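**Q** Data: entry.txt, compact mmCIF, C-alpha atoms.
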```
# COMPACT_ATOMS: atom_id res chain seq x y z
CA MET Y 1 -0.21 -58.90 14.26
CA GLN Y 2 -0.66 -59.32 18.00
CA GLU Y 3 -2.07 -56.37 19.98
CA ARG Y 4 -1.42 -55.82 23.70
CA THR Y 5 -3.13 -53.50 26.14
CA GLY Y 6 -2.36 -52.55 29.74
CA VAL Y 7 1.38 -52.17 29.16
CA THR Y 8 1.66 -48.42 28.84
CA LYS Y 9 -0.20 -45.12 28.87
CA PHE Y 10 0.40 -41.84 27.10
CA SER Y 11 -0.47 -38.79 29.22
CA GLY Y 12 -2.77 -41.04 31.22
CA ASN Y 13 -4.55 -42.56 28.22
CA PRO Y 14 -4.21 -46.34 27.83
CA MET Y 15 -2.42 -47.28 24.60
CA THR Y 16 -2.37 -50.43 22.48
CA LEU Y 17 0.98 -51.95 21.55
CA ILE Y 18 1.36 -53.86 18.29
CA GLY Y 19 3.71 -56.86 18.18
CA PRO Y 20 4.75 -59.66 20.51
CA GLU Y 21 5.76 -59.35 24.16
CA ILE Y 22 9.52 -59.89 24.24
CA LYS Y 23 10.64 -61.79 27.34
CA VAL Y 24 13.95 -62.21 29.10
CA GLY Y 25 15.66 -65.30 27.69
CA ASP Y 26 14.16 -64.89 24.22
CA LYS Y 27 16.44 -64.79 21.21
CA ALA Y 28 16.52 -61.13 20.16
CA PRO Y 29 14.45 -60.63 17.00
CA ASP Y 30 16.23 -59.19 13.98
CA PHE Y 31 15.34 -55.69 12.80
CA LYS Y 32 16.08 -53.38 9.89
CA VAL Y 33 16.38 -49.66 10.61
CA VAL Y 34 18.42 -46.85 9.06
CA ASP Y 35 21.22 -44.72 10.47
CA ASN Y 36 21.62 -40.93 10.16
CA ASP Y 37 22.85 -41.37 6.58
CA LEU Y 38 19.91 -43.56 5.57
CA GLN Y 39 22.07 -46.70 5.52
CA PRO Y 40 20.41 -49.94 6.67
CA VAL Y 41 21.36 -51.27 10.10
CA THR Y 42 20.41 -54.70 11.46
CA LEU Y 43 21.01 -56.66 14.67
CA ASP Y 44 23.92 -58.43 12.95
CA ASP Y 45 25.85 -55.16 12.79
CA PHE Y 46 26.40 -55.43 16.56
CA LYS Y 47 27.46 -59.06 16.72
CA GLY Y 48 29.45 -59.95 19.82
CA LYS Y 49 28.57 -56.71 21.62
CA THR Y 50 26.24 -56.08 24.53
CA LYS Y 51 23.46 -53.81 23.33
CA ILE Y 52 21.33 -51.40 25.33
CA ILE Y 53 18.44 -50.50 23.04
CA CYS Y 54 16.21 -47.58 24.08
CA THR Y 55 13.04 -46.93 22.15
CA VAL Y 56 11.48 -43.48 22.43
CA PRO Y 57 8.52 -41.66 20.83
CA SER Y 58 10.62 -38.76 19.48
CA LEU Y 59 13.97 -37.15 20.25
CA ASP Y 60 12.25 -33.81 19.63
CA THR Y 61 10.33 -34.08 22.90
CA PRO Y 62 11.82 -33.12 26.29
CA VAL Y 63 11.67 -36.47 28.11
CA CYS Y 64 13.32 -38.40 25.28
CA ASP Y 65 15.94 -35.71 25.00
CA THR Y 66 16.71 -35.98 28.73
CA GLU Y 67 16.74 -39.77 28.60
CA ILE Y 68 19.20 -40.09 25.76
CA ARG Y 69 21.50 -37.37 27.09
CA ARG Y 70 21.58 -39.29 30.38
CA PHE Y 71 22.42 -42.55 28.63
CA ASN Y 72 25.12 -40.76 26.67
CA GLN Y 73 26.71 -39.67 29.97
CA GLU Y 74 26.35 -43.07 31.61
CA ALA Y 75 27.75 -44.84 28.57
CA VAL Y 76 31.11 -43.19 29.12
CA ASN Y 77 31.63 -45.50 32.11
CA LEU Y 78 30.60 -48.63 30.25
CA SER Y 79 32.93 -51.02 28.47
CA PRO Y 80 33.56 -50.22 24.80
CA ASP Y 81 31.94 -53.57 24.09
CA VAL Y 82 28.60 -52.12 25.17
CA VAL Y 83 26.73 -50.21 22.48
CA VAL Y 84 23.84 -47.90 23.26
CA LEU Y 85 21.22 -47.64 20.53
CA THR Y 86 18.20 -45.36 20.38
CA VAL Y 87 15.42 -46.26 17.99
CA SER Y 88 12.56 -43.88 17.14
CA MET Y 89 10.30 -42.81 14.29
CA ASP Y 90 12.17 -39.50 13.94
CA LEU Y 91 13.53 -39.07 10.43
CA PRO Y 92 17.30 -39.64 10.13
CA PHE Y 93 17.67 -35.91 9.33
CA ALA Y 94 16.07 -34.98 12.66
CA GLN Y 95 18.25 -37.50 14.51
CA LYS Y 96 21.37 -36.11 12.89
CA ARG Y 97 20.46 -32.55 13.82
CA TRP Y 98 19.57 -33.61 17.34
CA CYS Y 99 22.80 -35.53 17.92
CA ALA Y 100 24.94 -32.66 16.70
CA GLY Y 101 23.01 -30.21 18.89
CA ALA Y 102 23.13 -32.36 22.01
CA GLY Y 103 26.76 -33.43 21.59
CA ILE Y 104 25.78 -37.09 21.50
CA GLU Y 105 28.60 -39.42 20.53
CA ARG Y 106 28.25 -42.57 22.57
CA VAL Y 107 24.63 -43.25 21.62
CA LYS Y 108 23.84 -44.36 18.09
CA THR Y 109 20.48 -43.03 16.90
CA LEU Y 110 18.54 -45.18 14.44
CA SER Y 111 15.27 -44.53 12.64
CA ASP Y 112 12.47 -47.04 12.18
CA TYR Y 113 10.42 -44.77 9.89
CA GLN Y 114 10.84 -46.85 6.75
CA GLU Y 115 9.58 -50.28 7.78
CA LEU Y 116 8.47 -50.04 11.44
CA SER Y 117 10.52 -53.20 11.70
CA PHE Y 118 11.98 -52.77 15.18
CA ALA Y 119 8.63 -51.51 16.47
CA ALA Y 120 6.72 -54.52 15.22
CA ASN Y 121 9.32 -57.19 16.04
CA TYR Y 122 9.90 -55.97 19.60
CA GLY Y 123 6.25 -55.16 20.31
CA VAL Y 124 6.70 -51.44 20.98
CA LEU Y 125 4.56 -49.87 18.25
CA ILE Y 126 1.86 -47.63 19.73
CA LYS Y 127 -1.13 -48.34 17.52
CA GLU Y 128 -2.93 -45.05 18.21
CA LEU Y 129 0.08 -42.81 17.51
CA LYS Y 130 2.32 -44.82 15.17
CA LEU Y 131 5.22 -44.02 17.47
CA LEU Y 132 7.50 -46.27 19.52
CA SER Y 133 6.72 -46.62 23.21
CA ARG Y 134 9.36 -45.94 25.85
CA SER Y 135 11.10 -49.23 26.49
CA ILE Y 136 14.59 -50.53 27.10
CA PHE Y 137 16.03 -53.88 26.04
CA VAL Y 138 19.41 -55.25 27.00
CA VAL Y 139 20.66 -57.83 24.52
CA ASP Y 140 23.78 -59.81 25.39
CA THR Y 141 26.76 -60.80 23.25
CA GLU Y 142 24.93 -63.98 22.20
CA ASP Y 143 21.90 -61.96 21.06
CA VAL Y 144 19.76 -63.15 23.96
CA ILE Y 145 17.40 -60.70 25.68
CA ARG Y 146 18.71 -60.14 29.22
CA TYR Y 147 16.51 -57.30 30.45
CA VAL Y 148 13.28 -55.59 29.43
CA GLN Y 149 11.75 -52.41 30.84
CA HIS Y 150 8.47 -51.00 29.54
CA VAL Y 151 7.91 -47.57 31.09
CA PRO Y 152 4.24 -47.64 32.18
CA GLU Y 153 3.66 -43.94 31.42
CA VAL Y 154 5.31 -42.94 28.14
CA THR Y 155 5.82 -39.36 29.29
CA ASP Y 156 7.91 -40.51 32.33
CA GLU Y 157 11.63 -41.21 32.29
CA PRO Y 158 12.76 -44.83 32.64
CA ASP Y 159 14.50 -46.33 35.66
CA TYR Y 160 18.10 -45.80 34.60
CA SER Y 161 19.79 -47.55 37.50
CA ALA Y 162 17.98 -50.81 36.81
CA VAL Y 163 19.18 -50.80 33.23
CA LEU Y 164 22.75 -50.02 34.16
CA ALA Y 165 22.72 -52.71 36.84
CA ALA Y 166 21.54 -55.18 34.26
CA VAL Y 167 24.43 -54.30 31.99
CA THR Y 168 27.25 -54.06 34.48
CA SER Y 169 26.63 -57.21 36.52
CA ASP Y 170 28.01 -60.16 34.63
CA ILE Y 171 25.58 -62.76 35.89
CA PRO Y 172 22.66 -61.00 37.54
CA THR Y 173 20.96 -63.16 40.09
CA LYS Y 174 18.14 -61.07 41.47
CA GLU Y 175 15.29 -59.01 40.24
CA VAL Y 176 16.12 -55.38 39.75
CA PRO Y 177 13.70 -52.46 40.09
CA GLY Y 178 11.34 -51.60 37.28
CA ASP Y 179 9.52 -54.04 35.12
CA GLY Y 180 12.69 -55.79 34.09
CA PHE Y 181 14.14 -59.06 35.29
CA CYS Y 182 17.72 -60.10 35.13
CA GLY Y 183 18.96 -63.66 35.00
CA ALA Y 184 15.44 -65.00 35.15
CA TYR Y 185 16.17 -67.71 32.63
CA MET V 186 -0.63 -49.16 -6.18
CA GLN V 187 0.65 -47.52 -9.36
CA GLU V 188 4.40 -46.92 -9.69
CA ARG V 189 5.94 -44.21 -11.89
CA SER V 190 9.51 -43.68 -12.97
CA GLY V 191 11.15 -40.85 -14.91
CA VAL V 192 9.45 -38.09 -12.90
CA THR V 193 12.23 -37.19 -10.51
CA ARG V 194 15.73 -38.02 -9.32
CA PHE V 195 17.47 -37.85 -5.96
CA ASN V 196 21.12 -36.75 -6.17
CA GLY V 197 21.05 -37.80 -9.81
CA ASN V 198 19.66 -41.27 -9.11
CA PRO V 199 16.29 -42.04 -10.69
CA VAL V 200 13.65 -42.86 -8.08
CA THR V 201 10.22 -44.47 -8.30
CA LEU V 202 7.07 -42.63 -7.22
CA ILE V 203 4.15 -44.57 -5.76
CA GLY V 204 0.60 -43.39 -6.46
CA PRO V 205 -1.23 -41.83 -9.41
CA ASP V 206 -0.08 -39.03 -11.70
CA LEU V 207 -2.76 -36.48 -10.82
CA THR V 208 -4.45 -34.72 -13.71
CA ILE V 209 -5.04 -30.98 -13.62
CA GLY V 210 -8.69 -29.98 -13.86
CA TYR V 211 -9.90 -32.88 -11.71
CA LYS V 212 -11.13 -33.06 -8.11
CA ALA V 213 -8.32 -33.09 -5.54
CA PRO V 214 -8.07 -36.40 -3.63
CA ASP V 215 -8.81 -36.32 0.08
CA PHE V 216 -5.99 -36.94 2.55
CA ARG V 217 -5.44 -37.57 6.27
CA VAL V 218 -2.40 -35.99 7.88
CA VAL V 219 -1.66 -34.63 11.37
CA ASP V 220 -0.76 -31.16 12.56
CA ASN V 221 1.95 -30.20 15.06
CA ASP V 222 -0.30 -31.30 17.93
CA LEU V 223 -1.04 -34.70 16.36
CA GLN V 224 -4.57 -33.63 15.44
CA LEU V 225 -6.10 -35.00 12.25
CA VAL V 226 -6.26 -32.65 9.24
CA THR V 227 -8.07 -33.41 5.98
CA LEU V 228 -8.75 -31.58 2.73
CA ASP V 229 -12.16 -30.58 4.10
CA ASP V 230 -10.51 -28.41 6.74
CA PHE V 231 -9.64 -25.91 3.99
CA LYS V 232 -13.02 -25.76 2.30
CA GLY V 233 -13.56 -22.63 0.24
CA GLN V 234 -9.90 -21.59 0.38
CA THR V 235 -7.26 -21.66 -2.33
CA LYS V 236 -4.55 -24.08 -1.23
CA ILE V 237 -0.93 -24.22 -2.25
CA ILE V 238 0.53 -27.50 -1.02
CA CYS V 239 4.29 -28.07 -1.01
CA THR V 240 5.61 -31.57 -0.40
CA VAL V 241 9.21 -31.93 0.75
CA PRO V 242 11.45 -34.82 1.85
CA SER V 243 12.31 -33.29 5.26
CA LEU V 244 12.30 -29.86 6.84
CA ASP V 245 15.56 -30.89 8.50
CA THR V 246 17.43 -30.61 5.20
CA PRO V 247 18.74 -27.31 3.79
CA VAL V 248 16.78 -27.13 0.50
CA CYS V 249 13.43 -27.82 2.13
CA ASP V 250 14.22 -25.34 4.84
CA ALA V 251 15.02 -22.66 2.23
CA GLU V 252 11.91 -23.51 0.22
CA ILE V 253 9.44 -23.23 3.07
CA ARG V 254 11.06 -20.08 4.46
CA ARG V 255 10.65 -18.55 1.00
CA PHE V 256 6.98 -19.52 0.82
CA ASN V 257 6.52 -18.14 4.32
CA GLN V 258 7.85 -14.76 3.13
CA GLU V 259 5.63 -14.80 0.09
CA ALA V 260 2.62 -15.80 2.17
CA VAL V 261 2.68 -12.48 4.00
CA VAL V 262 1.09 -10.79 1.00
CA PHE V 263 -1.57 -13.46 0.53
CA LYS V 264 -5.10 -12.84 1.60
CA SER V 265 -6.56 -15.01 4.32
CA ASP V 266 -8.40 -17.11 1.76
CA ILE V 267 -5.09 -18.61 0.62
CA VAL V 268 -3.43 -21.27 2.75
CA VAL V 269 0.10 -22.53 2.34
CA LEU V 270 0.61 -26.12 3.48
CA ALA V 271 3.91 -28.00 3.72
CA ILE V 272 3.64 -31.77 4.00
CA SER V 273 6.49 -34.15 4.85
CA MET V 274 7.31 -37.34 6.72
CA ASP V 275 8.94 -35.35 9.53
CA LEU V 276 7.36 -36.14 12.88
CA PRO V 277 5.02 -33.40 14.18
CA PHE V 278 7.53 -32.76 17.00
CA ALA V 279 10.25 -31.97 14.47
CA GLN V 280 7.89 -29.73 12.49
CA LYS V 281 6.88 -27.86 15.62
CA ARG V 282 10.49 -27.26 16.63
CA TRP V 283 11.40 -26.24 13.08
CA CYS V 284 8.54 -23.76 12.75
CA SER V 285 9.33 -21.99 16.01
CA GLY V 286 13.03 -21.90 15.14
CA ALA V 287 12.44 -20.55 11.66
CA GLY V 288 9.73 -18.09 12.75
CA ILE V 289 7.24 -19.68 10.38
CA GLU V 290 3.69 -18.40 10.74
CA GLY V 291 2.36 -18.18 7.20
CA VAL V 292 2.88 -21.86 6.38
CA LYS V 293 1.05 -24.69 8.09
CA THR V 294 3.27 -27.76 8.45
CA LEU V 295 1.58 -31.15 8.37
CA SER V 296 2.97 -34.65 8.83
CA ASP V 297 2.12 -37.68 6.72
CA TYR V 298 4.06 -40.11 8.93
CA GLN V 299 1.04 -41.99 10.25
CA GLU V 300 -0.71 -43.18 7.09
CA LEU V 301 1.33 -41.95 4.10
CA SER V 302 -2.09 -40.85 2.94
CA PHE V 303 -1.20 -37.64 1.13
CA ALA V 304 1.88 -39.28 -0.39
CA ALA V 305 -0.08 -42.17 -1.87
CA ALA V 306 -3.15 -40.17 -2.97
CA TYR V 307 -1.10 -37.46 -4.72
CA GLY V 308 1.53 -39.81 -6.16
CA VAL V 309 4.54 -38.28 -4.39
CA LEU V 310 5.80 -41.19 -2.28
CA ILE V 311 9.41 -42.06 -3.12
CA LYS V 312 9.47 -45.85 -3.02
CA GLU V 313 13.19 -46.19 -2.36
CA LEU V 314 13.30 -43.70 0.53
CA LYS V 315 9.78 -43.64 1.99
CA LEU V 316 9.89 -39.85 1.81
CA LEU V 317 7.77 -37.35 -0.12
CA SER V 318 9.20 -35.98 -3.35
CA ARG V 319 9.46 -32.24 -3.94
CA SER V 320 6.23 -31.13 -5.62
CA ILE V 321 3.78 -28.25 -5.54
CA PHE V 322 0.01 -28.45 -6.00
CA VAL V 323 -2.42 -25.54 -6.25
CA ILE V 324 -6.01 -26.47 -5.44
CA ASP V 325 -8.77 -23.92 -5.98
CA THR V 326 -11.75 -23.00 -3.79
CA GLU V 327 -13.81 -25.73 -5.48
CA ASP V 328 -11.15 -28.36 -4.61
CA VAL V 329 -10.07 -28.72 -8.24
CA VAL V 330 -6.36 -29.39 -8.87
CA ARG V 331 -5.27 -26.38 -10.93
CA TYR V 332 -1.49 -26.50 -10.97
CA ILE V 333 1.17 -29.19 -10.48
CA GLN V 334 4.94 -28.86 -10.40
CA HIS V 335 7.15 -31.92 -9.84
CA VAL V 336 10.74 -30.80 -9.26
CA SER V 337 12.84 -33.08 -11.47
CA GLU V 338 15.84 -33.19 -9.13
CA ILE V 339 14.71 -33.45 -5.52
CA THR V 340 17.79 -31.69 -4.17
CA ASP V 341 16.96 -28.57 -6.27
CA GLU V 342 14.59 -25.81 -5.19
CA PRO V 343 11.32 -25.49 -7.10
CA ASP V 344 10.51 -22.74 -9.59
CA TYR V 345 8.89 -20.38 -7.09
CA SER V 346 7.85 -17.72 -9.55
CA ALA V 347 5.92 -20.20 -11.69
CA ALA V 348 4.13 -21.63 -8.66
CA LEU V 349 3.34 -18.18 -7.26
CA ALA V 350 2.13 -16.87 -10.62
CA ALA V 351 -0.19 -19.87 -10.88
CA LEU V 352 -1.41 -19.35 -7.34
CA ILE V 353 -2.17 -15.68 -7.87
CA CYS V 354 -4.06 -16.02 -11.16
CA ILE V 355 -6.03 -18.98 -9.79
CA SER V 356 -6.94 -17.31 -6.50
CA LYS V 357 -7.93 -14.05 -8.19
CA GLN V 358 -9.77 -15.93 -10.93
CA ASN V 359 -7.77 -13.94 -13.47
CA GLN V 360 -6.71 -15.15 -16.87
CA CYS V 361 -3.85 -17.59 -16.26
CA PRO V 362 -1.00 -17.86 -18.77
CA ALA V 363 -1.52 -20.86 -21.01
CA ARG V 364 2.06 -22.04 -20.57
CA MET V 365 4.01 -21.91 -17.36
CA PRO V 366 7.83 -21.96 -17.22
CA ALA V 367 7.52 -24.97 -14.90
CA GLY V 368 4.61 -27.26 -14.13
CA ARG V 369 1.20 -27.80 -15.66
CA ILE V 370 -1.74 -25.41 -15.22
CA TYR V 371 -5.45 -25.89 -15.77
CA LEU V 372 -7.02 -22.77 -17.21
CA GLY V 373 -10.50 -23.54 -16.01
CA PRO V 374 -13.71 -24.76 -17.58
```
Would you encode the structure as structure tokens?

**A**
Amino acid sequence: MQERTGVTKFSGNPMTLIGPEIKVGDKAPDFKVVDNDLQPVTLDDFKGKTKIICTVPSLDTPVCDTEIRRFNQEAVNLSPDVVVLTVSMDLPFAQKRWCAGAGIERVKTLSDYQELSFAANYGVLIKELKLLSRSIFVVDTEDVIRYVQHVPEVTDEPDYSAVLAAVTSDIPTKEVPGDGFCGAY
Amino acid sequence: MQERSGVTRFNGNPVTLIGPDLTIGYKAPDFRVVDNDLQLVTLDDFKGQTKIICTVPSLDTPVCDAEIRRFNQEAVVFKSDIVVLAISMDLPFAQKRWCSGAGIEGVKTLSDYQELSFAAAYGVLIKELKLLSRSIFVIDTEDVVRYIQHVSEITDEPDYSAALAALICISKQNQCPARMPAGRIYLGP
């Protein structure tokens, strides 16, 4: 499996990511994760929808908590055809508890603990920690990658406005802030 | 890796365990897990202590929560040469939050999420769920496995009194009862 360095750090320490570098314009790789009730969930379950997929190290840490609460708020203004997914290595039991506690309804939390399938296919598996790095992918209705943001320091929050711009503009024509590119294909 | 069936069920459904059926009276396998601060912990870190090790599917489920709180209460009376370890696939962040919420000080929670090392070495990895089954191991000061209890229905609590009786006779090097109400005990050489 491919290993990449120089993409992200954790508390200042350089980390190695396992898996390929996903680029804008790529066909979104499939994945197999489980929902809060341990049921399998794949890319196909969101066919025809626009997907914002946020990967985080753990919902039980403050930055991830803040990030997903923020996306939950923002998602209220998005079309019902946009789904917001959060994928982490947290067990489904922890995700369930967290969602109930945080009042999260618009964001679907999914766990990659069984197969590390999302982590490996989207190149966001931190080798040193066996956790997912902080990244955001926007996948369009045709399952094409439209935007990618890898947060360079895992303990920082992502650039939310860039992600939301990528989702809300139908045909993005210019680069948006962050590491992501819209309409570059 | 060896697979075993017929040991335990989850909500009535038979599940498969991956790893060996440990034999009492033999050397405890080593393991590599991480503590709440992601630091590596191995069997060697508890050298010379009597260890009671509880494996559970997740601290974020009610039965596991009840089990470890109970062991935490019992641990108050233990001497410092007894350690109580709880091992699960919960992330260290979840374990840390859980311990502070539950006021747990007598039990050390450890996560096997990185390598599934304890799960595989002690034969408690549920193949169908990638979680640890509910089991209890008592390991003596010489690192010999002295007592094993596999709970036959994972959603049930273990037989605490049997595990605690085994722990106490083993740690005090007293005569242990030849038959336990639950689990298997090694009476010593």

**Q** So which residues touch V:Pro205 within 8 Å, counting all atoms listed in the file, skipping near sequence neighbours fewer than 3 positions away, as an mmCIF file with C-alpha atoms, in the coordinates of the input?

**A**
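Now in around-v2.cif:
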```
data_model
loop_
_atom_site.group_PDB
_atom_site.id
_atom_site.type_symbol
_atom_site.label_atom_id
_atom_site.label_comp_id
_atom_site.auth_asym_id
_atom_site.auth_seq_id
_atom_site.Cartn_x
_atom_site.Cartn_y
_atom_site.Cartn_z
ATOM 1 C CA GLN V 187 0.650 -47.520 -9.360
ATOM 2 C CA GLU V 188 4.400 -46.920 -9.690
ATOM 3 C CA ARG V 189 5.940 -44.210 -11.890
ATOM 4 C CA ALA V 305 -0.080 -42.170 -1.870
ATOM 5 C CA ALA V 306 -3.150 -40.170 -2.970
ATOM 6 C CA TYR V 307 -1.100 -37.460 -4.720
ATOM 7 C CA GLY V 308 1.530 -39.810 -6.160
#
```

**Q** Chain Y residues within 9 Å of chain V, counting all atoms listed in the file: which ones, as a list in words?

**A**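 Applying the cut-off to the listed atoms yields Leu38, Ser58, Leu59, Asp60, Thr61, Met89, Asp90, Leu91, Phe93, Ala94, Lys96, Arg97, Tyr113, Gln114, Glu115, Leu129, Lys130 and Leu131 of chain Y.
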
**Q** Might you pull out every residue within 6 Å of Y:Val107, with all atoms listed in the file counted and same-chain residues fewer than 5 positions away left off, and present them as a PyMOL selection string?

**A** chain Y and resi 72+84-85

**Q** Just how far from atom CA of V:Asn196 is atom CA of V:Asn221, in Å to one decimal?

**A**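 Between these atoms lies a distance of 29.3 Å.
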
**Q** Any idea what's packed within 12 Å of V:Phe263, counting all atoms listed in the file, ignoring anything in its chain fewer than 6 positions away? Could you give it as a list in words?

**A**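 Result of the neighbour search: Gln234, Thr235, Lys236, Ile237, Phe256, Asn257, Val269, Gly291, Val292, Leu349, Leu352, Ile353, Ser356 and Lys357 of chain V.
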
**Q** Keeping only C-alpha atoms, write the selected residues as a PDB file, in the coordinates of the input.

**A**
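Done, and the output landed in out_1.pdb:
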```
ATOM      1  CA  GLN V 234      -9.900 -21.590   0.380  1.00  0.00           C
ATOM      2  CA  THR V 235      -7.260 -21.660  -2.330  1.00  0.00           C
ATOM      3  CA  LYS V 236      -4.550 -24.080  -1.230  1.00  0.00           C
ATOM      4  CA  ILE V 237      -0.930 -24.220  -2.250  1.00  0.00           C
ATOM      5  CA  PHE V 256       6.980 -19.520   0.820  1.00  0.00           C
ATOM      6  CA  ASN V 257       6.520 -18.140   4.320  1.00  0.00           C
ATOM      7  CA  VAL V 269       0.100 -22.530   2.340  1.00  0.00           C
ATOM      8  CA  GLY V 291       2.360 -18.180   7.200  1.00  0.00           C
ATOM      9  CA  VAL V 292       2.880 -21.860   6.380  1.00  0.00           C
ATOM     10  CA  LEU V 349       3.340 -18.180  -7.260  1.00  0.00           C
ATOM     11  CA  LEU V 352      -1.410 -19.350  -7.340  1.00  0.00           C
ATOM     12  CA  ILE V 353      -2.170 -15.680  -7.870  1.00  0.00           C
ATOM     13  CA  SER V 356      -6.940 -17.310  -6.500  1.00  0.00           C
ATOM     14  CA  LYS V 357      -7.930 -14.050  -8.190  1.00  0.00           C
TER      15      LYS V 357
END
```

**Q** For a test of reading the model, state the distance in Å between atom CA of Y:Ile145 and atom CA of Y:Asp37, rounded to one decimal.

**A**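 Atom-to-atom, atom CA of Y:Ile145 and atom CA of Y:Asp37 are spaced 27.7 Å apart.
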
**Q** Neighbours of stretch 146-156 of chain Y within 9 Å (only C-alpha atoms; same-chain residues fewer than 3 positions away dropped), as a PDB file with C-alpha atoms, keeping the file's coordinate frame?

**A**
```pdb
ATOM      1  CA  GLY Y   6      -2.360 -52.550  29.740  1.00  0.00           C
ATOM      2  CA  VAL Y   7       1.380 -52.170  29.160  1.00  0.00           C
ATOM      3  CA  THR Y   8       1.660 -48.420  28.840  1.00  0.00           C
ATOM      4  CA  LYS Y   9      -0.200 -45.120  28.870  1.00  0.00           C
ATOM      5  CA  PHE Y  10       0.400 -41.840  27.100  1.00  0.00           C
ATOM      6  CA  SER Y  11      -0.470 -38.790  29.220  1.00  0.00           C
ATOM      7  CA  GLY Y  12      -2.770 -41.040  31.220  1.00  0.00           C
ATOM      8  CA  ASN Y  13      -4.550 -42.560  28.220  1.00  0.00           C
ATOM      9  CA  PRO Y  14      -4.210 -46.340  27.830  1.00  0.00           C
ATOM     10  CA  ILE Y  22       9.520 -59.890  24.240  1.00  0.00           C
ATOM     11  CA  LYS Y  23      10.640 -61.790  27.340  1.00  0.00           C
ATOM     12  CA  VAL Y  24      13.950 -62.210  29.100  1.00  0.00           C
ATOM     13  CA  GLY Y  25      15.660 -65.300  27.690  1.00  0.00           C
ATOM     14  CA  ASP Y  26      14.160 -64.890  24.220  1.00  0.00           C
ATOM     15  CA  VAL Y  56      11.480 -43.480  22.430  1.00  0.00           C
ATOM     16  CA  PRO Y  57       8.520 -41.660  20.830  1.00  0.00           C
ATOM     17  CA  VAL Y  63      11.670 -36.470  28.110  1.00  0.00           C
ATOM     18  CA  CYS Y  64      13.320 -38.400  25.280  1.00  0.00           C
ATOM     19  CA  VAL Y 124       6.700 -51.440  20.980  1.00  0.00           C
ATOM     20  CA  SER Y 133       6.720 -46.620  23.210  1.00  0.00           C
ATOM     21  CA  ARG Y 134       9.360 -45.940  25.850  1.00  0.00           C
ATOM     22  CA  SER Y 135      11.100 -49.230  26.490  1.00  0.00           C
ATOM     23  CA  ILE Y 136      14.590 -50.530  27.100  1.00  0.00           C
ATOM     24  CA  PHE Y 137      16.030 -53.880  26.040  1.00  0.00           C
ATOM     25  CA  VAL Y 138      19.410 -55.250  27.000  1.00  0.00           C
ATOM     26  CA  VAL Y 139      20.660 -57.830  24.520  1.00  0.00           C
ATOM     27  CA  ASP Y 140      23.780 -59.810  25.390  1.00  0.00           C
ATOM     28  CA  ASP Y 143      21.900 -61.960  21.060  1.00  0.00           C
ATOM     29  CA  ASP Y 159      14.500 -46.330  35.660  1.00  0.00           C
ATOM     30  CA  ALA Y 162      17.980 -50.810  36.810  1.00  0.00           C
ATOM     31  CA  VAL Y 163      19.180 -50.800  33.230  1.00  0.00           C
ATOM     32  CA  ALA Y 166      21.540 -55.180  34.260  1.00  0.00           C
ATOM     33  CA  VAL Y 167      24.430 -54.300  31.990  1.00  0.00           C
ATOM     34  CA  GLY Y 178      11.340 -51.600  37.280  1.00  0.00           C
ATOM     35  CA  ASP Y 179       9.520 -54.040  35.120  1.00  0.00           C
ATOM     36  CA  GLY Y 180      12.690 -55.790  34.090  1.00  0.00           C
ATOM     37  CA  PHE Y 181      14.140 -59.060  35.290  1.00  0.00           C
ATOM     38  CA  CYS Y 182      17.720 -60.100  35.130  1.00  0.00           C
ATOM     39  CA  GLY Y 183      18.960 -63.660  35.000  1.00  0.00           C
ATOM     40  CA  ALA Y 184      15.440 -65.000  35.150  1.00  0.00           C
ATOM     41  CA  TYR Y 185      16.170 -67.710  32.630  1.00  0.00           C
TER      42      TYR Y 185
END
```

**Q** What gap, in Å, lies between atom CA of V:Asp220 and atom CA of V:Ser273?

**A**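 These atoms are spaced 11.0 Å apart.
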
**Q** Nearest to Y:Val144: which of Y:Lys32, Y:Lys108, Y:Arg4, Y:Lys51 is it, counting all atoms listed in the file?

**A**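 Of Y:Lys32, Y:Lys108, Y:Arg4, Y:Lys51, the one nearest Y:Val144 is Y:Lys51, counting all atoms listed in the file.
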
**Q** Between V:Glu338, V:Ser318, V:Ser285, V:Glu290, which has the minimum distance to V:Arg255 (counting all atoms listed in the file)?

**A** V:Glu290

**Q** Could you list, as a list in words, every residue within 10 Å of V:Val248, counting only C-alpha atoms and ignoring same-chain residues fewer than 5 positions away?

**A**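 Listed by chain and then number, they are Val241, Pro242, Ser243, Ile253, Arg254, Arg319, Ile339, Thr340, Asp341, Glu342 and Pro343 of chain V.
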
**Q** Could you check which of Y:Ile18, Y:Val34, Y:Ala28, Y:Leu125 is closest to Y:Gln95, using only C-alpha atoms?

**A** Y:Val34

**Q** Could you check the closest approach to V:Cys249 for each of V:Met365, V:Ile272, V:Leu225, V:Ile370 and tell me which residue wins, using all atoms listed in the file?

**A** V:Ile272
